[in-house]
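Data block for structure-v4.csv (CSV, C-alpha atoms):
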```
chain,number,residue,atom,x,y,z
A,16,LYS,CA,-8.6,-26.3,39.0
A,17,GLN,CA,-8.4,-28.0,35.6
A,18,GLU,CA,-7.0,-25.9,32.8
A,19,VAL,CA,-6.9,-27.2,29.2
A,20,THR,CA,-4.7,-25.6,26.6
A,21,GLN,CA,-4.6,-26.4,22.9
A,22,ILE,CA,-1.7,-25.5,20.6
A,23,PRO,CA,-1.7,-24.3,17.9
A,24,ALA,CA,-4.8,-22.1,17.8
A,25,ALA,CA,-5.0,-22.5,14.1
A,26,LEU,CA,-3.4,-24.7,11.5
A,27,SER,CA,-3.5,-24.7,7.7
A,28,VAL,CA,-2.2,-27.7,5.8
A,29,PRO,CA,-2.3,-29.1,2.2
A,30,GLU,CA,-4.5,-32.0,1.5
A,31,GLY,CA,-2.9,-35.4,2.2
A,32,GLU,CA,-0.7,-34.2,4.9
A,33,ASN,CA,-0.5,-36.0,8.3
A,34,LEU,CA,-0.9,-33.7,11.2
A,35,VAL,CA,-0.9,-33.6,15.0
A,36,LEU,CA,-3.0,-31.4,17.3
A,37,ASN,CA,-1.9,-30.9,20.9
A,38,CYS,CA,-3.8,-30.7,24.1
A,39,SER,CA,-2.3,-30.2,27.6
A,40,PHE,CA,-4.1,-30.3,30.9
A,41,THR,CA,-3.0,-29.2,34.4
A,42,ASP,CA,-4.8,-31.8,36.6
A,43,SER,CA,-3.6,-35.2,35.7
A,44,ALA,CA,-6.1,-36.9,38.1
A,45,ILE,CA,-8.5,-37.5,35.2
A,46,TYR,CA,-10.4,-40.7,34.4
A,47,ASN,CA,-10.8,-39.9,30.7
A,48,LEU,CA,-10.2,-37.3,28.0
A,49,GLN,CA,-12.4,-36.5,25.0
A,50,TRP,CA,-11.8,-35.0,21.6
A,51,PHE,CA,-14.5,-33.2,19.7
A,52,ARG,CA,-15.0,-31.6,16.4
A,53,GLN,CA,-17.0,-28.5,15.8
A,54,ASP,CA,-18.1,-27.3,12.4
A,55,PRO,CA,-19.1,-23.6,11.9
A,56,GLY,CA,-22.5,-22.9,13.2
A,57,LYS,CA,-23.0,-26.4,14.5
A,58,GLY,CA,-22.7,-28.3,17.7
A,59,LEU,CA,-19.9,-30.5,18.8
A,60,THR,CA,-19.4,-34.1,17.5
A,61,SER,CA,-17.5,-36.5,19.8
A,62,LEU,CA,-14.6,-38.1,18.0
A,63,LEU,CA,-12.7,-40.1,20.5
A,64,LEU,CA,-12.9,-40.8,24.3
A,65,ILE,CA,-9.8,-42.2,25.9
A,66,GLN,CA,-10.0,-43.7,29.3
A,67,SER,CA,-7.2,-43.1,31.8
A,68,SER,CA,-6.2,-46.7,31.6
A,69,GLN,CA,-5.7,-46.5,27.8
A,70,ARG,CA,-2.8,-44.9,26.0
A,71,GLU,CA,-4.4,-44.7,22.6
A,72,GLN,CA,-7.7,-44.8,20.9
A,73,THR,CA,-8.3,-45.0,17.1
A,74,SER,CA,-11.2,-44.3,14.8
A,75,GLY,CA,-10.5,-44.5,11.1
A,76,ARG,CA,-7.8,-41.9,10.2
A,77,LEU,CA,-7.9,-40.5,13.7
A,78,ASN,CA,-5.6,-41.6,16.5
A,79,ALA,CA,-5.7,-40.0,20.0
A,80,SER,CA,-3.0,-40.6,22.6
A,81,LEU,CA,-3.1,-39.8,26.3
A,82,ASP,CA,-0.1,-39.4,28.6
A,83,LYS,CA,-1.5,-38.6,32.1
A,84,SER,CA,1.9,-38.2,33.8
A,85,SER,CA,2.9,-35.4,31.4
A,86,GLY,CA,-0.6,-33.9,31.2
A,87,ARG,CA,-0.7,-34.3,27.4
A,88,SER,CA,-2.9,-35.7,24.7
A,89,THR,CA,-2.4,-35.6,21.0
A,90,LEU,CA,-4.9,-36.1,18.1
A,91,TYR,CA,-3.2,-37.5,15.0
A,92,ILE,CA,-5.0,-37.1,11.7
A,93,ALA,CA,-3.7,-39.2,8.8
A,94,ALA,CA,-4.0,-38.3,5.2
A,95,SER,CA,-5.9,-35.1,5.8
A,96,GLN,CA,-8.9,-34.2,3.6
A,97,PRO,CA,-10.7,-30.8,3.0
A,98,GLY,CA,-13.7,-32.3,4.8
A,99,ASP,CA,-11.5,-32.5,8.0
A,100,SER,CA,-11.6,-28.7,8.1
A,101,ALA,CA,-13.2,-27.8,11.5
A,102,THR,CA,-12.3,-26.7,15.0
A,103,TYR,CA,-11.0,-29.6,17.2
A,104,LEU,CA,-11.5,-29.3,20.9
A,105,CYS,CA,-10.2,-31.5,23.7
A,106,ALA,CA,-11.9,-31.8,27.1
A,107,ALA,CA,-10.8,-33.2,30.4
A,108,PRO,CA,-12.8,-33.6,33.7
A,109,GLN,CA,-12.1,-31.2,36.6
A,110,GLY,CA,-10.9,-32.9,39.8
A,111,GLY,CA,-12.4,-36.3,39.0
A,112,SER,CA,-15.8,-34.6,38.8
A,113,GLU,CA,-18.4,-34.7,36.1
A,114,LYS,CA,-17.4,-31.2,34.9
A,115,LEU,CA,-15.7,-31.3,31.6
A,116,VAL,CA,-13.3,-28.4,31.0
A,117,PHE,CA,-12.8,-27.6,27.3
A,118,GLY,CA,-9.8,-26.1,25.6
A,119,LYS,CA,-10.3,-23.2,23.2
A,120,GLY,CA,-9.7,-25.5,20.2
A,121,THR,CA,-7.5,-25.7,17.2
A,122,LYS,CA,-9.0,-24.4,14.0
A,123,LEU,CA,-7.9,-26.7,11.2
A,124,THR,CA,-8.0,-25.8,7.5
A,125,VAL,CA,-7.1,-28.5,4.9
A,126,ASN,CA,-6.5,-26.9,1.5
A,127,PRO,CA,-7.3,-28.9,-1.6
B,2,ASP,CA,-33.6,-39.2,13.8
B,3,THR,CA,-32.0,-39.9,17.2
B,4,ALA,CA,-30.5,-36.6,18.4
B,5,VAL,CA,-30.4,-33.8,20.8
B,6,SER,CA,-32.6,-31.0,19.5
B,7,GLN,CA,-32.8,-27.4,20.6
B,8,THR,CA,-35.2,-24.7,19.9
B,9,PRO,CA,-35.0,-22.0,18.8
B,10,LYS,CA,-31.8,-22.0,16.8
B,11,TYR,CA,-31.6,-18.2,16.7
B,12,LEU,CA,-33.0,-15.8,19.3
B,13,VAL,CA,-32.7,-12.0,19.1
B,14,THR,CA,-34.2,-10.0,21.9
B,15,GLN,CA,-34.0,-6.8,23.9
B,16,MET,CA,-32.2,-6.3,27.2
B,17,GLY,CA,-34.5,-6.9,30.2
B,18,ASN,CA,-36.7,-9.5,28.4
B,19,ASP,CA,-37.2,-13.1,29.6
B,20,LYS,CA,-36.6,-15.9,27.2
B,21,SER,CA,-36.5,-19.7,27.2
B,22,ILE,CA,-34.5,-22.3,25.2
B,23,LYS,CA,-35.8,-25.8,25.0
B,24,CYS,CA,-33.9,-29.0,24.6
B,25,GLU,CA,-35.0,-32.6,24.0
B,26,GLN,CA,-33.1,-35.8,23.5
B,27,ASN,CA,-34.4,-39.1,22.2
B,28,LEU,CA,-31.3,-41.1,22.9
B,29,GLY,CA,-32.6,-42.5,26.2
B,30,HIS,CA,-29.8,-40.8,28.1
B,31,ASP,CA,-30.2,-40.0,31.7
B,32,THR,CA,-28.0,-37.0,32.0
B,33,MET,CA,-28.4,-33.6,30.3
B,34,TYR,CA,-26.3,-30.5,30.3
B,35,TRP,CA,-26.3,-26.8,29.3
B,36,TYR,CA,-23.1,-25.3,28.0
B,37,LYS,CA,-22.3,-21.7,27.1
B,38,GLN,CA,-19.9,-20.8,24.3
B,39,ASP,CA,-19.0,-17.1,24.4
B,40,SER,CA,-17.7,-14.9,21.6
B,41,LYS,CA,-14.2,-16.1,22.1
B,42,LYS,CA,-15.4,-19.7,21.5
B,43,PHE,CA,-14.7,-20.7,25.1
B,44,LEU,CA,-17.1,-23.5,26.0
B,45,LYS,CA,-18.2,-23.7,29.7
B,46,ILE,CA,-20.6,-25.9,31.5
B,47,MET,CA,-23.5,-24.2,33.2
B,48,PHE,CA,-25.8,-27.0,34.6
B,49,SER,CA,-26.2,-30.7,34.5
B,50,TYR,CA,-29.2,-32.9,35.4
B,51,ASN,CA,-29.4,-36.6,36.0
B,52,ASN,CA,-32.9,-38.1,36.0
B,53,LYS,CA,-34.4,-34.7,36.6
B,54,GLU,CA,-32.1,-34.0,39.5
B,55,LEU,CA,-29.7,-31.0,39.5
B,56,ILE,CA,-26.1,-32.4,39.7
B,57,ILE,CA,-23.9,-29.5,38.5
B,58,ASN,CA,-24.7,-25.8,39.1
B,59,GLU,CA,-21.8,-23.7,38.0
B,60,THR,CA,-21.4,-20.1,39.1
B,61,VAL,CA,-23.9,-18.5,36.8
B,62,PRO,CA,-26.3,-15.7,37.7
B,63,ASN,CA,-29.6,-16.8,39.3
B,64,ARG,CA,-31.3,-15.2,36.3
B,65,PHE,CA,-30.6,-18.5,34.6
B,66,SER,CA,-32.9,-21.3,35.7
B,67,PRO,CA,-32.9,-24.8,34.3
B,68,LYS,CA,-36.0,-26.9,34.4
B,69,SER,CA,-36.2,-30.6,33.7
B,70,PRO,CA,-39.8,-31.9,33.5
B,71,ASP,CA,-38.5,-35.4,32.6
B,72,LYS,CA,-35.2,-37.0,31.8
B,73,ALA,CA,-35.6,-36.4,28.1
B,74,HIS,CA,-36.0,-32.6,28.4
B,75,LEU,CA,-33.9,-29.8,29.9
B,76,ASN,CA,-35.1,-26.3,29.3
B,77,LEU,CA,-33.2,-23.1,30.1
B,78,HIS,CA,-35.0,-20.0,31.2
B,79,ILE,CA,-33.2,-16.6,31.4
B,80,ASN,CA,-34.7,-13.6,33.2
B,81,SER,CA,-33.8,-10.0,32.7
B,82,LEU,CA,-31.5,-10.6,29.8
B,83,GLU,CA,-28.2,-8.6,29.7
B,84,LEU,CA,-25.9,-7.8,26.8
B,85,GLY,CA,-23.3,-10.2,28.3
B,86,ASP,CA,-25.7,-13.1,27.9
B,87,SER,CA,-25.2,-13.0,24.2
B,88,ALA,CA,-23.6,-16.4,23.3
B,89,VAL,CA,-24.3,-19.7,21.8
B,90,TYR,CA,-26.0,-22.1,24.3
B,91,PHE,CA,-25.5,-25.8,23.7
B,92,CYS,CA,-27.5,-28.6,25.2
B,93,ALA,CA,-25.9,-32.0,25.5
B,94,SER,CA,-26.7,-35.4,26.9
B,95,SER,CA,-24.9,-38.6,28.0
B,96,ASN,CA,-25.7,-41.9,29.6
B,97,GLY,CA,-24.5,-42.0,33.2
B,98,GLY,CA,-22.4,-38.8,33.2
B,99,THR,CA,-19.2,-38.0,31.5
B,100,GLY,CA,-17.1,-40.4,33.6
B,101,ALA,CA,-16.9,-43.0,30.8
B,102,ASN,CA,-19.5,-41.8,28.4
B,103,VAL,CA,-19.6,-39.7,25.3
B,104,LEU,CA,-21.4,-36.4,25.2
B,105,THR,CA,-23.9,-35.8,22.4
B,106,PHE,CA,-24.4,-32.1,21.6
B,107,GLY,CA,-27.3,-30.3,20.1
B,108,ALA,CA,-26.7,-27.8,17.2
B,109,GLY,CA,-26.8,-24.8,19.5
B,110,SER,CA,-29.0,-21.8,20.1
B,111,ARG,CA,-27.5,-18.4,19.3
B,112,LEU,CA,-28.8,-15.8,21.6
B,113,THR,CA,-28.3,-12.1,20.7
B,114,VAL,CA,-29.3,-9.5,23.3
B,115,LEU,CA,-29.6,-6.0,21.9
```

For the structure just supplied, provide its representation as structure tokens.
Amino acid sequence: KQEVTQIPAALSVPEGENLVLNCSFTDSAIYNLQWFRQDPGKGLTSLLLIQSSQREQTSGRLNASLDKSSGRSTLYIAASQPGDSATYLCAAPQGGSEKLVFGKGTKLTVNP
Amino acid sequence: DTAVSQTPKYLVTQMGNDKSIKCEQNLGHDTMYWYKQDSKKFLKIMFSYNNKELIINETVPNRFSPKSPDKAHLNLHINSLELGDSAVYFCASSNGGTGANVLTFGAGSRLTVL
């Protein structure tokens, strides 16, 4: 059974800082991993999808890495801005199925 | 606007009532999902449909019944509502399943059972 853990649960940083969010998963037989952002009272927005054959995926100031062998993924945010404040969730498939298992998220606050 | 839209956004009702949440996507996706996010913010899949066919049916009470009249719509009907059903329900869609495809979520429907 896939379990996804995100550390830390909450993070507060000053504007401009580079930061890393961590995600670990127990079942490494995954074909991809996705990172999402959730703003308060809103749905999830997909940020990055990394295929199992990739090690990194980049979109603007965001860079996600995937290490299947260690069961870890990181989301790197460069030059953080107050608008980056949100909850970030990672999700991995369960047992090669279509079921995505979500972590509980990391709540990020970027202070001006 | 291309999107996944859910109605209603908020729903407050009494225990024992029956209610429905509707979802529509105009993205041309062939797969739709219902997720539940509880008070602890834990997001779990409930159902998925591909081209109107049920693909995933997680262990949810049979009081929850999804209906997909066509591949652009996936509605969720809940019978005999209980306090524990209070949560935010998210509809989502993708093209061809989550194997290599991004999920697009709706804004959520917050259900409160009194």

Please identify every residue of chain B that has at least one atom no more than 9 Å from any atom of chain A, counting all atoms listed in the file, and report them as a list in words.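 Listing them in order of chain and number gives Lys41, Lys42, Phe43, Leu44, Lys45, Ile46, Ser49, Ile56, Ile57, Phe91, Cys92, Gly98, Thr99, Gly100, Ala101, Asn102, Val103, Leu104, Thr105, Phe106, Gly107, Ala108 and Gly109 of chain B.
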
Calculate how many Å separate atom CA of Ser21 of chain B from atom CA of Ser94 of chain B, rounding to one decimal.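 Distance between the two atoms: 18.5 Å.
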
So how far away is atom CA of Met47 of chain B from atom CA of Ser6 of chain B, in Å?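 Computing the Euclidean distance for atom CA of Ser6 of chain B and atom CA of Met47 of chain B yields 17.8 Å.
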
For a test of reading the model, state the distance in Å between atom CA of Leu115 of chain B and atom CA of Asn76 of chain B, rounded to one decimal.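 Those two atoms sit 22.3 Å apart.
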
Step by step: start from the point (-2.1, -27.3, 16.5) in the file's coordinates, keep every protein, DNA or RNA residue that has an atom no farther than 8 Å from it, count all atoms listed in the file, and write the set as a VMD selection string. chain A and resid 21 to 26 35 to 37 121 to 123

Using only C-alpha atoms, which protein or nucleic acid residues come within 8 Å of Gln26 of chain B? Drop anything in the same chain fewer than 2 positions from it, and give the result as a list in words.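 These residues fall inside the cut-off: Thr3, Ala4, Val5, Ser6, Cys24, Leu28, Gly29, His30, Ala73, His74 and Ser94 of chain B.
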
Report as number ranges by chain all protein, DNA and RNA residues lying within 12 Å of Gly85 of chain B, evaluated on all atoms listed in the file, omitting residues in the same chain fewer than 4 positions from it. B: 16-17, 37-40, 61-62, 81, 89, 112-115

Residues within 7 Å of (-7.1, -29.1, 37.0), file coordinates, counting only C-alpha atoms: what are they? Give the list as a ChimeraX atom specification. /A:16-18,40-42,109-110

If the box runs along x, y and z of the file and leaves 4 Å on each side of segment 15-30 of chain B, what are its centre and edge lengths in Å, one decimal, as JSON?
```
{"center_x": -33.5, "center_y": -24.4, "center_z": 26.2, "size_x": 15.4, "size_y": 44.2, "size_z": 16.0}
```

Contact residues around segment 84-96 of chain A with all atoms listed in the file at 6 Å, ignoring same-chain residues under 3 positions, as JSON, numbers by chain: {"A": [30, 31, 32, 33, 34, 35, 36, 37, 38, 39, 40, 43, 76, 77, 78, 79, 80, 81, 99]}

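Shortest separation to Pro9 of chain B among B:Arg111, B:Tyr34, B:His78, B:Leu84 occurs at residue B:Arg111, atoms counted being only C-alpha atoms.
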
Since the input is missing atoms, can you rebuild N, CA and C atoms for segment 13-30 of chain B and write them as a PDB file, in the coordinates of the input?
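New file part-v5.pdb:
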```pdb
ATOM      1  N   VAL B  13     -33.152 -13.380  18.962  1.00  0.00           N
ATOM      2  CA  VAL B  13     -32.700 -12.000  19.100  1.00  0.00           C
ATOM      3  C   VAL B  13     -33.734 -11.275  19.938  1.00  0.00           C
ATOM      4  N   THR B  14     -33.262 -10.597  20.991  1.00  0.00           N
ATOM      5  CA  THR B  14     -34.200 -10.000  21.900  1.00  0.00           C
ATOM      6  C   THR B  14     -33.579  -8.762  22.568  1.00  0.00           C
ATOM      7  N   GLN B  15     -34.411  -7.989  23.230  1.00  0.00           N
ATOM      8  CA  GLN B  15     -34.000  -6.800  23.900  1.00  0.00           C
ATOM      9  C   GLN B  15     -33.517  -7.039  25.312  1.00  0.00           C
ATOM     10  N   MET B  16     -32.637  -6.208  25.791  1.00  0.00           N
ATOM     11  CA  MET B  16     -32.200  -6.300  27.200  1.00  0.00           C
ATOM     12  C   MET B  16     -33.452  -6.192  28.111  1.00  0.00           C
ATOM     13  N   GLY B  17     -33.415  -6.953  29.182  1.00  0.00           N
ATOM     14  CA  GLY B  17     -34.500  -6.900  30.200  1.00  0.00           C
ATOM     15  C   GLY B  17     -35.587  -7.928  29.926  1.00  0.00           C
ATOM     16  N   ASN B  18     -35.622  -8.485  28.707  1.00  0.00           N
ATOM     17  CA  ASN B  18     -36.700  -9.500  28.400  1.00  0.00           C
ATOM     18  C   ASN B  18     -36.332 -10.825  29.082  1.00  0.00           C
ATOM     19  N   ASP B  19     -37.358 -11.689  29.132  1.00  0.00           N
ATOM     20  CA  ASP B  19     -37.200 -13.100  29.600  1.00  0.00           C
ATOM     21  C   ASP B  19     -37.378 -14.003  28.426  1.00  0.00           C
ATOM     22  N   LYS B  20     -36.492 -14.998  28.317  1.00  0.00           N
ATOM     23  CA  LYS B  20     -36.600 -15.900  27.200  1.00  0.00           C
ATOM     24  C   LYS B  20     -36.263 -17.353  27.667  1.00  0.00           C
ATOM     25  N   SER B  21     -36.729 -18.320  26.881  1.00  0.00           N
ATOM     26  CA  SER B  21     -36.500 -19.700  27.200  1.00  0.00           C
ATOM     27  C   SER B  21     -35.890 -20.432  25.954  1.00  0.00           C
ATOM     28  N   ILE B  22     -35.018 -21.392  26.223  1.00  0.00           N
ATOM     29  CA  ILE B  22     -34.500 -22.300  25.200  1.00  0.00           C
ATOM     30  C   ILE B  22     -34.864 -23.707  25.606  1.00  0.00           C
ATOM     31  N   LYS B  23     -35.386 -24.456  24.638  1.00  0.00           N
ATOM     32  CA  LYS B  23     -35.800 -25.800  25.000  1.00  0.00           C
ATOM     33  C   LYS B  23     -34.867 -26.844  24.385  1.00  0.00           C
ATOM     34  N   CYS B  24     -34.750 -27.954  25.091  1.00  0.00           N
ATOM     35  CA  CYS B  24     -33.900 -29.000  24.600  1.00  0.00           C
ATOM     36  C   CYS B  24     -34.554 -30.370  24.899  1.00  0.00           C
ATOM     37  N   GLU B  25     -34.449 -31.229  23.888  1.00  0.00           N
ATOM     38  CA  GLU B  25     -35.000 -32.600  24.000  1.00  0.00           C
ATOM     39  C   GLU B  25     -34.041 -33.581  23.425  1.00  0.00           C
ATOM     40  N   GLN B  26     -33.908 -34.716  24.078  1.00  0.00           N
ATOM     41  CA  GLN B  26     -33.100 -35.800  23.500  1.00  0.00           C
ATOM     42  C   GLN B  26     -33.883 -37.068  23.484  1.00  0.00           C
ATOM     43  N   ASN B  27     -33.728 -37.796  22.381  1.00  0.00           N
ATOM     44  CA  ASN B  27     -34.400 -39.100  22.200  1.00  0.00           C
ATOM     45  C   ASN B  27     -33.463 -40.242  22.188  1.00  0.00           C
ATOM     46  N   LEU B  28     -32.329 -40.045  22.868  1.00  0.00           N
ATOM     47  CA  LEU B  28     -31.300 -41.100  22.900  1.00  0.00           C
ATOM     48  C   LEU B  28     -31.438 -42.017  24.083  1.00  0.00           C
ATOM     49  N   GLY B  29     -32.398 -41.723  24.957  1.00  0.00           N
ATOM     50  CA  GLY B  29     -32.600 -42.500  26.200  1.00  0.00           C
ATOM     51  C   GLY B  29     -31.514 -42.253  27.223  1.00  0.00           C
ATOM     52  N   HIS B  30     -30.789 -41.130  27.084  1.00  0.00           N
ATOM     53  CA  HIS B  30     -29.800 -40.800  28.100  1.00  0.00           C
ATOM     54  C   HIS B  30     -30.418 -40.291  29.361  1.00  0.00           C
TER      55      HIS B  30
END
```
